[in-house]
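Participant: Here it is, the structure, as structure tokens.
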Amino acid sequence: MTKVRRRNLTILFVMLSISFLLLIIELLTDKKEIKTYEISVITSGKSDESWMLMKEGAEQAATEMNANIRFITLSNDDLLKEQKEVIQREIKNGADGILISPINSKEIGETIDSIQKKIPIVFVESVVDTKNKTSIVTCDNYNLGEKIAQEILKDERDNEKIAIITDNLEKTSSEERYNGFMSIMDKTNNELMIWELDQSKESDYYKQIAQFIRWNSVDIIVTFDTPILETTAQVKKDMMVGNENLKNTRIFGSGNTSKVISFLEDGIVNGSAMQNEFNIGYIGVKRAIGMKNGESQQVDKIESTIITNENMYSKENQRILFLFIR
């Protein structure tokens, strides 16, 4: 073999080796573009501790699925109008999916129908009847209402006066909880009444509830809304100072906040149905992204648990009460 030919072969080998190495490097460094999702979470009211738990669940799912979360709480007096405006704004801002707890399940249905074909919608807490199917991640609200009624009946008392405090039974979650509660209570001899709060005067709820309690003698007070449960418990605690008999008025409701837990410990609240808001936020974000990628709609029902002063210290219930124990 001549020196020239040997040199040419050497050069060719070196060039092939370099090309092969460059190809390997390119293959190793060629990462697929990671899709980032923009998910908006629109609540049915002002920020409270329950929504913060849901936010933590949503953010955990976002971390795992490379999503950005916009968590939006409402502020205006006309919450229904504001919620409709926020939905349209989030779509214009490029949201890939929306988690929403509807203000008024009947009034907002038309708005939801008009956007469902553009963007995945996942209902949390409350549900809207729409023409198109969608994903739902919510507590089994009917069953929650049943559980509250069953807890009350454990005392085996009858002919008691029971007051239900509400500010909006048109919201699906409240309506379903009420229906579940009444499905049990209608079979008893207890006397039931509804104390309806003036929703336009939300800042005045403490005074309204205090007046109801002062003007009416009842054995049990029930509410299906966490902020109302907190306010009712606070009213009872404050009014007991001058009315020892009020200690015998039992309070039952729904909610897992630090205030509710404190009232349970003090015996002010006798029982609270608690759902895992963290799971609702976590599963909701995963459903929205799944739908964006072509997955079918699903319905996820989150079970609730009745927590009382007697069972709140069990290991199982501690995991429900305190988010950091998971």
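In the structure tokens, chains take the letters A, B, ... in the order shown, each chain's residues start at 1, and ligands count up from 1 in the order shown.
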Please provide the set of residues having any atom within 7 Å of Ala210 (chain A), restricted to only C-alpha atoms, with same-chain residues fewer than 4 positions apart removed, written as a short mmCIF file (atom, residue, chain, number, x, y, z; two decimals) with N, CA and C atoms, in the first residue's frame.

Facilitator:
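Listed below is the output, around.cif:
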data_model
loop_
_atom_site.label_atom_id
_atom_site.label_comp_id
_atom_site.auth_asym_id
_atom_site.auth_seq_id
_atom_site.Cartn_x
_atom_site.Cartn_y
_atom_site.Cartn_z
N TYR A 206 -72.24 37.61 60.83
CA TYR A 206 -72.13 37.40 62.27
C TYR A 206 -73.38 37.96 62.97
N ARG A 214 -80.58 34.36 68.88
CA ARG A 214 -81.20 35.09 69.98
C ARG A 214 -82.73 34.99 69.92
N VAL A 235 -70.13 32.82 66.94
CA VAL A 235 -71.29 33.44 67.59
C VAL A 235 -71.67 32.65 68.84
#

Participant: How many Å separate CA of Lys236 (chain A) from CA of Gly267 (chain A)?

Facilitator: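 Distance between the two atoms: 10.8 Å.
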
Participant: Could you check the closest approach to Ile320 (chain A) for each of A:Gly255, A:Gly290, A:Gly145, A:Pro120 and tell me which residue wins, using only C-alpha atoms?

Facilitator: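 Closest to Ile320 (chain A) of all the choices is A:Gly255.
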
Participant: Considering only C-alpha atoms, state which residue in the set A:Phe71, A:Ile280, A:Lys118, A:Ala61 is at the smallest distance from Val299 (chain A).

Facilitator: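 The answer is A:Ile280, which sits nearest to Val299 (chain A).
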
Participant: Please identify the helix (DSSP H, G or I) residues within region 195-301 of chain A (assignment by DSSP from backbone atoms) and present them as a short mmCIF file (atom, residue, chain, number, x, y, z; two decimals) with N, CA and C atoms, in the first residue's frame.

Facilitator:
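Dumped to out_16.cif:
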data_model
loop_
_atom_site.label_atom_id
_atom_site.label_comp_id
_atom_site.auth_asym_id
_atom_site.auth_seq_id
_atom_site.Cartn_x
_atom_site.Cartn_y
_atom_site.Cartn_z
N GLN A 199 -77.38 37.23 51.34
CA GLN A 199 -76.08 37.07 50.67
C GLN A 199 -75.48 38.40 50.25
N SER A 200 -76.31 39.41 50.08
CA SER A 200 -75.80 40.73 49.67
C SER A 200 -75.12 41.45 50.83
N LYS A 201 -75.27 40.90 52.03
CA LYS A 201 -74.64 41.50 53.22
C LYS A 201 -73.74 40.47 53.91
N GLU A 202 -72.80 39.93 53.14
CA GLU A 202 -71.93 38.86 53.65
C GLU A 202 -71.10 39.32 54.85
N SER A 203 -70.69 40.57 54.85
CA SER A 203 -69.89 41.08 55.96
C SER A 203 -70.71 41.18 57.25
N ASP A 204 -72.02 41.04 57.12
CA ASP A 204 -72.93 41.17 58.26
C ASP A 204 -73.43 39.80 58.75
N TYR A 205 -72.79 38.72 58.28
CA TYR A 205 -73.29 37.38 58.64
C TYR A 205 -73.26 37.13 60.15
N TYR A 206 -72.24 37.61 60.83
CA TYR A 206 -72.13 37.40 62.27
C TYR A 206 -73.38 37.96 62.97
N LYS A 207 -73.73 39.18 62.62
CA LYS A 207 -74.89 39.82 63.24
C LYS A 207 -76.18 39.08 62.90
N GLN A 208 -76.32 38.65 61.64
CA GLN A 208 -77.53 37.94 61.23
C GLN A 208 -77.68 36.62 61.99
N ILE A 209 -76.58 35.88 62.10
CA ILE A 209 -76.63 34.59 62.79
C ILE A 209 -76.92 34.80 64.28
N ALA A 210 -76.32 35.83 64.86
CA ALA A 210 -76.56 36.13 66.28
C ALA A 210 -78.04 36.43 66.52
N GLN A 211 -78.66 37.15 65.59
CA GLN A 211 -80.09 37.45 65.73
C GLN A 211 -80.93 36.19 65.63
N PHE A 212 -80.59 35.31 64.69
CA PHE A 212 -81.33 34.05 64.57
C PHE A 212 -81.27 33.27 65.87
N ILE A 213 -80.09 33.15 66.44
CA ILE A 213 -79.90 32.37 67.66
C ILE A 213 -80.61 33.04 68.84
N ARG A 214 -80.58 34.36 68.88
CA ARG A 214 -81.20 35.09 69.98
C ARG A 214 -82.73 34.99 69.92
N TRP A 215 -83.29 34.98 68.72
CA TRP A 215 -84.74 35.01 68.57
C TRP A 215 -85.37 33.61 68.51
N THR A 226 -68.38 26.18 54.83
CA THR A 226 -67.31 26.32 55.82
C THR A 226 -67.27 27.71 56.48
N PRO A 227 -67.26 28.82 55.72
CA PRO A 227 -67.23 30.13 56.38
C PRO A 227 -68.43 30.35 57.30
N ILE A 228 -69.61 29.85 56.90
CA ILE A 228 -70.78 30.00 57.76
C ILE A 228 -70.64 29.15 59.02
N LEU A 229 -70.05 27.97 58.89
CA LEU A 229 -69.80 27.13 60.06
C LEU A 229 -68.87 27.85 61.04
N GLU A 230 -67.81 28.45 60.52
CA GLU A 230 -66.87 29.18 61.37
C GLU A 230 -67.56 30.34 62.09
N THR A 231 -68.38 31.09 61.36
CA THR A 231 -69.06 32.25 61.95
C THR A 231 -70.08 31.81 62.99
N THR A 232 -70.83 30.76 62.68
CA THR A 232 -71.84 30.26 63.62
C THR A 232 -71.19 29.80 64.92
N ALA A 233 -70.07 29.09 64.79
CA ALA A 233 -69.36 28.62 65.97
C ALA A 233 -68.84 29.80 66.80
N GLN A 234 -68.34 30.83 66.13
CA GLN A 234 -67.84 32.00 66.84
C GLN A 234 -68.97 32.71 67.59
N VAL A 235 -70.13 32.82 66.94
CA VAL A 235 -71.29 33.44 67.59
C VAL A 235 -71.67 32.65 68.84
N LYS A 236 -71.74 31.33 68.71
CA LYS A 236 -72.08 30.49 69.87
C LYS A 236 -71.08 30.69 71.00
N LYS A 237 -69.81 30.69 70.67
CA LYS A 237 -68.77 30.84 71.69
C LYS A 237 -68.91 32.17 72.42
N ASP A 238 -69.16 33.25 71.65
CA ASP A 238 -69.27 34.57 72.24
C ASP A 238 -70.54 34.71 73.09
N MET A 239 -71.64 34.15 72.60
CA MET A 239 -72.92 34.31 73.28
C MET A 239 -73.04 33.40 74.51
N GLU A 244 -75.54 30.31 79.45
CA GLU A 244 -74.99 28.99 79.67
C GLU A 244 -75.77 27.90 78.93
N ASN A 245 -77.08 28.13 78.76
CA ASN A 245 -77.91 27.12 78.09
C ASN A 245 -77.50 26.89 76.64
N LEU A 246 -76.82 27.89 76.05
CA LEU A 246 -76.41 27.78 74.66
C LEU A 246 -75.38 26.67 74.46
N LYS A 247 -74.74 26.25 75.56
CA LYS A 247 -73.78 25.15 75.46
C LYS A 247 -74.46 23.88 74.96
N ASN A 248 -75.75 23.76 75.21
CA ASN A 248 -76.49 22.56 74.81
C ASN A 248 -76.89 22.57 73.35
N SER A 258 -58.32 25.60 60.25
CA SER A 258 -57.76 25.68 61.61
C SER A 258 -58.81 26.15 62.61
N LYS A 259 -59.70 27.05 62.17
CA LYS A 259 -60.77 27.51 63.07
C LYS A 259 -61.73 26.39 63.40
N VAL A 260 -62.14 25.63 62.38
CA VAL A 260 -63.07 24.52 62.62
C VAL A 260 -62.44 23.49 63.56
N ILE A 261 -61.18 23.18 63.33
CA ILE A 261 -60.47 22.21 64.18
C ILE A 261 -60.43 22.72 65.63
N SER A 262 -60.16 24.02 65.81
CA SER A 262 -60.12 24.59 67.15
C SER A 262 -61.49 24.52 67.82
N PHE A 263 -62.54 24.81 67.06
CA PHE A 263 -63.90 24.75 67.62
C PHE A 263 -64.28 23.31 67.96
N LEU A 264 -63.80 22.36 67.21
CA LEU A 264 -64.04 20.94 67.53
C LEU A 264 -63.35 20.58 68.85
N GLU A 265 -62.11 21.00 68.98
CA GLU A 265 -61.35 20.70 70.20
C GLU A 265 -62.03 21.29 71.44
N GLU A 277 -59.54 18.46 50.28
CA GLU A 277 -59.43 19.50 49.26
C GLU A 277 -58.12 19.41 48.48
N PHE A 278 -57.06 18.93 49.14
CA PHE A 278 -55.77 18.75 48.45
C PHE A 278 -55.94 17.81 47.26
N ASN A 279 -56.63 16.69 47.47
CA ASN A 279 -56.84 15.72 46.39
C ASN A 279 -57.68 16.30 45.26
N ILE A 280 -58.66 17.14 45.60
CA ILE A 280 -59.50 17.74 44.57
C ILE A 280 -58.66 18.61 43.64
N GLY A 281 -57.78 19.44 44.21
CA GLY A 281 -56.91 20.27 43.39
C GLY A 281 -55.93 19.46 42.57
N TYR A 282 -55.37 18.43 43.20
CA TYR A 282 -54.37 17.58 42.53
C TYR A 282 -54.98 16.83 41.35
N ILE A 283 -56.10 16.16 41.60
CA ILE A 283 -56.74 15.38 40.53
C ILE A 283 -57.32 16.29 39.47
N GLY A 284 -57.84 17.45 39.88
CA GLY A 284 -58.43 18.38 38.92
C GLY A 284 -57.45 18.84 37.86
N VAL A 285 -56.23 19.21 38.29
CA VAL A 285 -55.21 19.66 37.33
C VAL A 285 -54.83 18.52 36.40
N LYS A 286 -54.67 17.31 36.94
CA LYS A 286 -54.32 16.17 36.09
C LYS A 286 -55.41 15.88 35.07
N ARG A 287 -56.66 16.03 35.46
CA ARG A 287 -57.77 15.80 34.53
C ARG A 287 -57.76 16.86 33.42
N ALA A 288 -57.52 18.12 33.78
CA ALA A 288 -57.52 19.19 32.77
C ALA A 288 -56.43 18.96 31.73
N ILE A 289 -55.23 18.60 32.19
CA ILE A 289 -54.12 18.36 31.25
C ILE A 289 -54.39 17.10 30.43
N GLY A 290 -54.97 16.09 31.07
CA GLY A 290 -55.31 14.88 30.33
C GLY A 290 -56.30 15.15 29.22
N MET A 291 -57.32 15.96 29.50
CA MET A 291 -58.30 16.32 28.48
C MET A 291 -57.66 17.13 27.36
N LYS A 292 -56.71 17.99 27.72
CA LYS A 292 -56.00 18.78 26.70
C LYS A 292 -55.26 17.86 25.75
#

Participant: Measure the distance from CA of Ile221 (chain A) to CA of Ile165 (chain A) in Å and round it to one decimal.

Facilitator: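 Result for CA of Ile221 (chain A) versus CA of Ile165 (chain A): 7.2 Å, one decimal.
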
Participant: Can you list, as a list in words, every protein, DNA or RNA residue that comes within 10 Å of Glu160 (chain A) when you count only C-alpha atoms, leaving out same-chain residues fewer than 2 positions away?

Facilitator: Arg157, Asp158, Ile162, Ala163, Thr188, Asn189, Asn190, Glu191, Leu192, Val218, Asp219 and Ile220 of chain A

Participant: Which of these residues is nearest to Val122 (chain A), using only C-alpha atoms: A:Gln318, A:Gln297, A:Asn256, A:Asn93?

Facilitator: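 Closest to Val122 (chain A), using only C-alpha atoms: A:Gln297.
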
Participant: Counting only C-alpha atoms, which residues in region 109-209 of chain A sit no more than 12 Å from region 89-92 of chain A? For each one, give the nearest pair of atoms and the distance in Å, sorted by chain then residue number, as JSON lines.

Facilitator:
{"residue": "A:Ile112", "atom": "CA", "partner": "A:Ile91", "partner_atom": "CA", "distance": 11.8}
{"residue": "A:Ser114", "atom": "CA", "partner": "A:Ile91", "partner_atom": "CA", "distance": 11.7}
{"residue": "A:Ile115", "atom": "CA", "partner": "A:Ile91", "partner_atom": "CA", "distance": 8.6}
{"residue": "A:Gln116", "atom": "CA", "partner": "A:Ile91", "partner_atom": "CA", "distance": 10.8}
{"residue": "A:Lys117", "atom": "CA", "partner": "A:Ile91", "partner_atom": "CA", "distance": 11.8}
{"residue": "A:Lys118", "atom": "CA", "partner": "A:Ile91", "partner_atom": "CA", "distance": 8.5}
{"residue": "A:Ile119", "atom": "CA", "partner": "A:Ile91", "partner_atom": "CA", "distance": 7.7}
{"residue": "A:Pro120", "atom": "CA", "partner": "A:Ile91", "partner_atom": "CA", "distance": 10.5}
{"residue": "A:Ile121", "atom": "CA", "partner": "A:Ile91", "partner_atom": "CA", "distance": 11.0}

Participant: Any chance you can output those residues with N, CA and C atoms as a compact mmCIF listing (two decimals), in the first residue's frame?

Facilitator:
# COMPACT_ATOMS: atom_id res chain seq x y z
N ILE A 112 -70.48 28.31 30.24
CA ILE A 112 -69.65 27.10 30.17
C ILE A 112 -69.84 26.40 28.84
N SER A 114 -70.59 27.61 26.02
CA SER A 114 -70.02 28.36 24.89
C SER A 114 -68.50 28.19 24.78
N ILE A 115 -67.84 27.73 25.84
CA ILE A 115 -66.38 27.64 25.79
C ILE A 115 -65.85 26.22 25.87
N GLN A 116 -66.72 25.25 26.17
CA GLN A 116 -66.24 23.89 26.37
C GLN A 116 -65.54 23.30 25.15
N LYS A 117 -65.94 23.73 23.96
CA LYS A 117 -65.31 23.20 22.75
C LYS A 117 -63.95 23.83 22.49
N LYS A 118 -63.67 24.96 23.16
CA LYS A 118 -62.41 25.66 22.97
C LYS A 118 -61.35 25.19 23.95
N ILE A 119 -61.77 24.81 25.15
CA ILE A 119 -60.81 24.58 26.22
C ILE A 119 -61.38 23.57 27.21
N PRO A 120 -60.55 22.68 27.77
CA PRO A 120 -61.05 21.73 28.77
C PRO A 120 -61.52 22.43 30.04
N ILE A 121 -62.70 22.04 30.52
CA ILE A 121 -63.26 22.57 31.76
C ILE A 121 -63.40 21.43 32.75
